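Text of the file entry34.cif, holding mmCIF, C-alpha atoms:
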```cif
data_start
#
loop_
_atom_site.group_PDB
_atom_site.id
_atom_site.type_symbol
_atom_site.label_atom_id
_atom_site.label_comp_id
_atom_site.auth_asym_id
_atom_site.auth_seq_id
_atom_site.Cartn_x
_atom_site.Cartn_y
_atom_site.Cartn_z
ATOM 1 C CA MET A 29 169.651 -3.907 111.343
ATOM 2 C CA SER A 30 169.974 -7.383 112.815
ATOM 3 C CA HIS A 31 170.676 -10.661 111.059
ATOM 4 C CA ARG A 32 169.740 -13.955 112.690
ATOM 5 C CA GLU A 33 170.495 -16.187 109.713
ATOM 6 C CA ILE A 34 173.541 -16.368 107.483
ATOM 7 C CA GLN A 35 173.141 -14.103 104.487
ATOM 8 C CA GLU A 36 173.790 -15.137 100.890
ATOM 9 C CA ASP A 37 174.347 -12.884 97.923
ATOM 10 C CA TYR A 38 172.406 -13.271 94.667
ATOM 11 C CA GLU A 39 174.860 -15.930 93.433
ATOM 12 C CA GLY A 40 174.560 -18.051 96.577
ATOM 13 C CA TYR A 41 177.855 -17.015 98.141
ATOM 14 C CA ILE A 42 177.792 -17.066 101.947
ATOM 15 C CA MET A 43 178.516 -13.559 103.220
ATOM 16 C CA VAL A 44 181.011 -13.134 106.070
ATOM 17 C CA TYR A 45 182.700 -10.148 107.669
ATOM 18 C CA THR A 46 186.230 -10.465 109.036
ATOM 19 C CA ASP A 47 188.263 -8.110 111.176
ATOM 20 C CA GLY A 48 191.437 -8.116 113.172
ATOM 21 C CA CYS A 49 192.576 -5.632 115.759
ATOM 22 C CA CYS A 50 195.700 -4.969 117.716
ATOM 23 C CA ILE A 51 195.807 -2.783 120.786
ATOM 24 C CA ASN A 52 199.225 -1.055 121.024
ATOM 25 C CA ASN A 53 200.149 -2.316 117.542
ATOM 26 C CA GLY A 54 203.914 -2.219 117.054
ATOM 27 C CA ARG A 55 204.636 -1.541 120.732
ATOM 28 C CA GLY A 56 205.394 -3.612 123.787
ATOM 29 C CA GLY A 57 202.379 -5.201 125.374
ATOM 30 C CA ALA A 58 200.462 -5.385 122.091
ATOM 31 C CA LYS A 59 197.311 -7.513 122.247
ATOM 32 C CA ALA A 60 195.552 -8.748 119.130
ATOM 33 C CA GLY A 61 192.267 -10.445 118.393
ATOM 34 C CA ILE A 62 190.257 -11.787 115.476
ATOM 35 C CA GLY A 63 186.593 -11.383 114.691
ATOM 36 C CA VAL A 64 184.446 -13.282 112.204
ATOM 37 C CA TRP A 65 180.770 -12.433 111.850
ATOM 38 C CA PHE A 66 178.302 -14.510 109.857
ATOM 39 C CA ALA A 67 175.141 -13.408 111.682
ATOM 40 C CA ASP A 68 174.090 -12.197 115.114
ATOM 41 C CA GLY A 69 174.611 -14.926 117.680
ATOM 42 C CA HIS A 70 175.565 -17.479 115.022
ATOM 43 C CA GLN A 71 177.562 -20.545 116.024
ATOM 44 C CA LEU A 72 180.069 -19.922 113.219
ATOM 45 C CA ASN A 73 181.053 -16.493 114.585
ATOM 46 C CA VAL A 74 184.547 -16.197 116.029
ATOM 47 C CA SER A 75 185.965 -13.966 118.743
ATOM 48 C CA ALA A 76 189.421 -15.086 119.785
ATOM 49 C CA PRO A 77 192.837 -13.829 120.781
ATOM 50 C CA LEU A 78 195.443 -14.003 118.043
ATOM 51 C CA LYS A 79 197.949 -16.789 118.568
ATOM 52 C CA GLY A 80 201.599 -15.750 118.347
ATOM 53 C CA ARG A 81 203.036 -12.312 117.602
ATOM 54 C CA ALA A 82 200.440 -9.588 118.077
ATOM 55 C CA THR A 83 200.150 -7.319 115.031
ATOM 56 C CA ASN A 84 197.197 -5.834 113.223
ATOM 57 C CA GLN A 85 198.166 -7.334 109.863
ATOM 58 C CA ARG A 86 198.521 -10.844 111.308
ATOM 59 C CA ALA A 87 195.150 -10.463 113.028
ATOM 60 C CA GLU A 88 193.496 -9.441 109.753
ATOM 61 C CA LEU A 89 194.991 -12.445 107.936
ATOM 62 C CA GLN A 90 194.074 -14.874 110.712
ATOM 63 C CA ALA A 91 190.496 -13.579 110.785
ATOM 64 C CA VAL A 92 190.192 -14.632 107.142
ATOM 65 C CA VAL A 93 191.748 -18.017 108.002
ATOM 66 C CA ALA A 94 189.146 -18.503 110.746
ATOM 67 C CA ALA A 95 186.276 -17.522 108.422
ATOM 68 C CA CYS A 96 187.429 -19.948 105.725
ATOM 69 C CA LYS A 97 187.936 -22.804 108.204
ATOM 70 C CA ARG A 98 184.438 -22.283 109.609
ATOM 71 C CA ALA A 99 182.900 -22.120 106.144
ATOM 72 C CA LEU A 100 184.636 -25.305 105.014
ATOM 73 C CA ALA A 101 183.695 -27.154 108.212
ATOM 74 C CA ALA A 102 180.063 -26.125 107.658
ATOM 75 C CA GLY A 103 180.150 -27.502 104.113
ATOM 76 C CA PHE A 104 180.129 -24.186 102.273
ATOM 77 C CA ASP A 105 182.182 -23.857 99.125
ATOM 78 C CA GLU A 106 181.433 -20.261 98.098
ATOM 79 C CA LEU A 107 182.374 -17.423 100.418
ATOM 80 C CA PHE A 108 181.960 -13.667 99.991
ATOM 81 C CA ILE A 109 184.502 -12.049 102.313
ATOM 82 C CA PHE A 110 183.882 -8.479 103.437
ATOM 83 C CA THR A 111 186.884 -6.873 105.107
ATOM 84 C CA ASP A 112 188.203 -3.455 105.987
ATOM 85 C CA SER A 113 191.735 -4.797 105.461
ATOM 86 C CA HIS A 114 192.993 -3.833 102.033
ATOM 87 C CA TYR A 115 196.181 -5.646 103.065
ATOM 88 C CA ALA A 116 194.503 -9.036 103.536
ATOM 89 C CA MET A 117 192.419 -8.619 100.396
ATOM 90 C CA ASN A 118 195.388 -7.548 98.252
ATOM 91 C CA CYS A 119 197.486 -10.436 99.599
ATOM 92 C CA ALA A 120 194.808 -12.888 98.441
ATOM 93 C CA ILE A 121 193.825 -11.440 95.074
ATOM 94 C CA LYS A 122 196.768 -9.380 93.805
ATOM 95 C CA TRP A 123 200.145 -9.944 95.376
ATOM 96 C CA ILE A 124 200.010 -13.696 96.013
ATOM 97 C CA HIS A 125 200.530 -14.538 92.340
ATOM 98 C CA VAL A 126 203.687 -12.421 92.084
ATOM 99 C CA TRP A 127 205.069 -13.649 95.412
ATOM 100 C CA ARG A 128 204.617 -17.289 94.452
ATOM 101 C CA ARG A 129 206.418 -16.676 91.136
ATOM 102 C CA ASN A 130 209.208 -14.669 92.808
ATOM 103 C CA GLY A 131 209.941 -17.145 95.589
ATOM 104 C CA TRP A 132 208.242 -15.005 98.250
ATOM 105 C CA ILE A 133 210.303 -11.910 97.565
ATOM 106 C CA ASN A 134 208.421 -8.600 97.487
ATOM 107 C CA ALA A 135 208.744 -5.717 95.038
ATOM 108 C CA ARG A 136 211.514 -4.154 97.147
ATOM 109 C CA GLY A 137 213.554 -7.352 96.966
ATOM 110 C CA ASN A 138 212.877 -8.341 100.573
ATOM 111 C CA PRO A 139 211.248 -11.473 101.981
ATOM 112 C CA VAL A 140 207.473 -11.109 102.195
ATOM 113 C CA ALA A 141 206.328 -10.146 105.697
ATOM 114 C CA ASN A 142 203.841 -12.512 107.338
ATOM 115 C CA LYS A 143 204.626 -15.226 104.794
ATOM 116 C CA GLY A 144 203.452 -18.063 107.054
ATOM 117 C CA ASP A 145 200.134 -16.363 107.796
ATOM 118 C CA ILE A 146 199.578 -15.566 104.124
ATOM 119 C CA GLN A 147 200.372 -19.135 103.102
ATOM 120 C CA GLU A 148 197.960 -20.437 105.727
ATOM 121 C CA MET A 149 195.267 -18.024 104.532
ATOM 122 C CA MET A 150 195.760 -19.080 100.923
ATOM 123 C CA HIS A 151 195.657 -22.772 101.869
ATOM 124 C CA TYR A 152 192.044 -22.225 102.948
ATOM 125 C CA VAL A 153 191.076 -19.541 100.432
ATOM 126 C CA ASP A 154 192.223 -21.810 97.596
ATOM 127 C CA GLN A 155 189.763 -24.499 98.762
ATOM 128 C CA LEU A 156 186.807 -22.134 98.277
ATOM 129 C CA ASN A 157 185.302 -20.045 95.535
ATOM 130 C CA THR A 158 185.738 -16.585 97.012
ATOM 131 C CA LYS A 159 184.690 -13.073 96.281
ATOM 132 C CA TRP A 160 186.077 -10.117 98.206
ATOM 133 C CA GLU A 161 184.800 -6.666 98.978
ATOM 134 C CA ALA A 162 186.534 -3.894 100.867
ATOM 135 C CA VAL A 163 184.362 -2.050 103.349
ATOM 136 C CA ALA A 164 185.202 1.174 105.124
ATOM 137 C CA ALA A 165 186.206 0.675 108.738
ATOM 138 C CA HIS A 166 184.130 2.299 111.469
ATOM 139 C CA SER A 167 181.626 3.665 108.969
ATOM 140 C CA GLY A 168 178.456 2.147 110.385
ATOM 141 C CA ASN A 169 178.461 -1.000 108.220
ATOM 142 C CA TYR A 170 176.586 -3.452 110.447
ATOM 143 C CA GLY A 171 178.594 -6.580 109.611
ATOM 144 C CA ASN A 172 181.928 -4.798 109.826
ATOM 145 C CA GLU A 173 181.042 -3.238 113.163
ATOM 146 C CA ALA A 174 179.979 -6.665 114.476
ATOM 147 C CA ALA A 175 183.266 -8.262 113.327
ATOM 148 C CA ASP A 176 185.182 -5.364 114.891
ATOM 149 C CA ARG A 177 183.431 -5.912 118.253
ATOM 150 C CA LEU A 178 184.304 -9.626 118.103
ATOM 151 C CA ALA A 179 187.953 -8.826 117.290
ATOM 152 C CA ARG A 180 188.229 -6.324 120.152
ATOM 153 C CA GLN A 181 186.678 -8.829 122.528
ATOM 154 C CA GLY A 182 189.241 -11.412 121.390
ATOM 155 C CA ALA A 183 192.136 -8.973 121.904
ATOM 156 C CA LYS A 184 191.103 -8.559 125.537
ATOM 157 C CA GLU A 185 191.711 -12.306 125.933
ATOM 158 C CA TYR A 186 195.191 -12.175 124.360
#
```

Could you write out this file's structure as structure tokens?
Amino acid sequence: MSHREIQEDYEGYIMVYTDGCCINNGRGGAKAGIGVWFADGHQLNVSAPLKGRATNQRAELQAVVAACKRALAAGFDELFIFTDSHYAMNCAIKWIHVWRRNGWINARGNPVANKGDIQEMMHYVDQLNTKWEAVAAHSGNYGNEAADRLARQGAKEY
């Protein structure tokens, strides 16, 4: 299955797949990358090394940031984000409300990890009408596999 044009869902939301990866996550020499896939060979796609500390969670969050920035720059206002990161999705649709109320303290009473990345993600997410869907990683989903390839390519450039 190949897509040459950006896909929209039945409500007109632009469909995008995001992924982050980190080789040697949590260890010395970790290298992380982000991948954003709108369509095969599309100019809005992103494959880039993660800036800053290399972790998988940061890469997942920054992939969403990149997708939102690209969508906004292209004039889109409705984005359907497909991700295999339950973490990124839960940050944006569940936990963010509690963290904002609690002064960025998590349920264990500790400061929220990746606060700056989450705040940056929400800065862009809040400018769009978004829908989210979790997809299974490495399960043959075409868009997710494409975003994964872009993220891995970006990690090699870290």

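The closest residue to Tyr41 of chain A, picked from A:Tyr170, A:Trp65, A:Trp160, A:Phe108 and counting only C-alpha atoms, is A:Phe108.
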
Pull out every residue that the PyMOL selection byres ((chain A and resi 76) around 9) matches in the shown coordinates and put them as a ChimeraX atom specification.
/A:60-63,74-75,77-79,178-186

Any chance you could work out the axis-aligned box around segment 80-89 of chain A, listed atoms only, 3 Å on each side, giving centre and edge lengths in Å to one decimal, as lines of an AutoDock Vina configuration file?
```
center_x = 198.3
center_y = -10.8
center_z = 113.1
size_x = 15.5
size_y = 15.9
size_z = 16.4
```

Just so the selection is clear, what residues does the PyMOL selection byres ((chain A and resi 66) around 10) cover here, as a ChimeraX atom specification?
/A:31-35,42-46,64-65,67-74,95,98-99,171,174-175

What is the distance, in Å and to one decimal place, between atom CA of Leu89 of chain A and atom CA of Gly56 of chain A?
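Spanning atom CA of Leu89 of chain A to atom CA of Gly56 of chain A is a straight-line distance of 20.9 Å.
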
Excluding same-chain residues fewer than 5 positions from Glu148 of chain A, what lies within 9 Å of it counting all atoms listed in the file, as a ChimeraX atom specification?
/A:89-90,93,143,153

So how far away is atom CA of Glu36 of chain A from atom CA of Ala101 of chain A, in Å?
17.2 Å

Please, what distance in Å, to one decimal, runs between atom CA of Glu106 of chain A and atom CA of Thr83 of chain A?
28.4 Å

Calculated over all atoms listed in the file, which of the candidates A:Asn130, A:Asn172, A:Asn53, A:Thr111 has the smallest distance to Asn84 of chain A?
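Under the stated criterion, the closest residue is A:Asn53.
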
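Using all atoms listed in the file, the shortest contact distance between Ile146 of chain A and any of A:Arg129, A:Arg86, A:His114, A:His166 is found at A:Arg86.
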
Pick the closest to Ala87 of chain A from A:Glu39, A:Asp176, A:Asp154, A:Glu161: which is it, counting only C-alpha atoms?
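Between A:Glu39, A:Asp176, A:Asp154, A:Glu161, the residue approaching Ala87 of chain A most closely is A:Asp176.
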
Quick check on the file I pasted: which residues fall under the PyMOL selection byres ((chain A and resi 113) around 8)? Write them as a list of chain:residue names.
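Answer for the PyMOL selection byres ((chain A and resi 113) around 8): A:Asp47, A:Glu88, A:Thr111, A:Asp112, A:His114, A:Tyr115, A:Ala116, A:Met117, A:Ala162.
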
Among the residues A:Lys59, A:Asp37, A:Arg136, A:Ala82, the one that comes closest to Lys159 of chain A [using all atoms listed in the file]:
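Smallest separation from Lys159 of chain A among the options: A:Asp37.
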
Residue among A:Met150, A:Leu107, A:Gly137, A:Gly57 lying closest to Ile124 of chain A, counting only C-alpha atoms:
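Smallest separation from Ile124 of chain A among the options: A:Met150.
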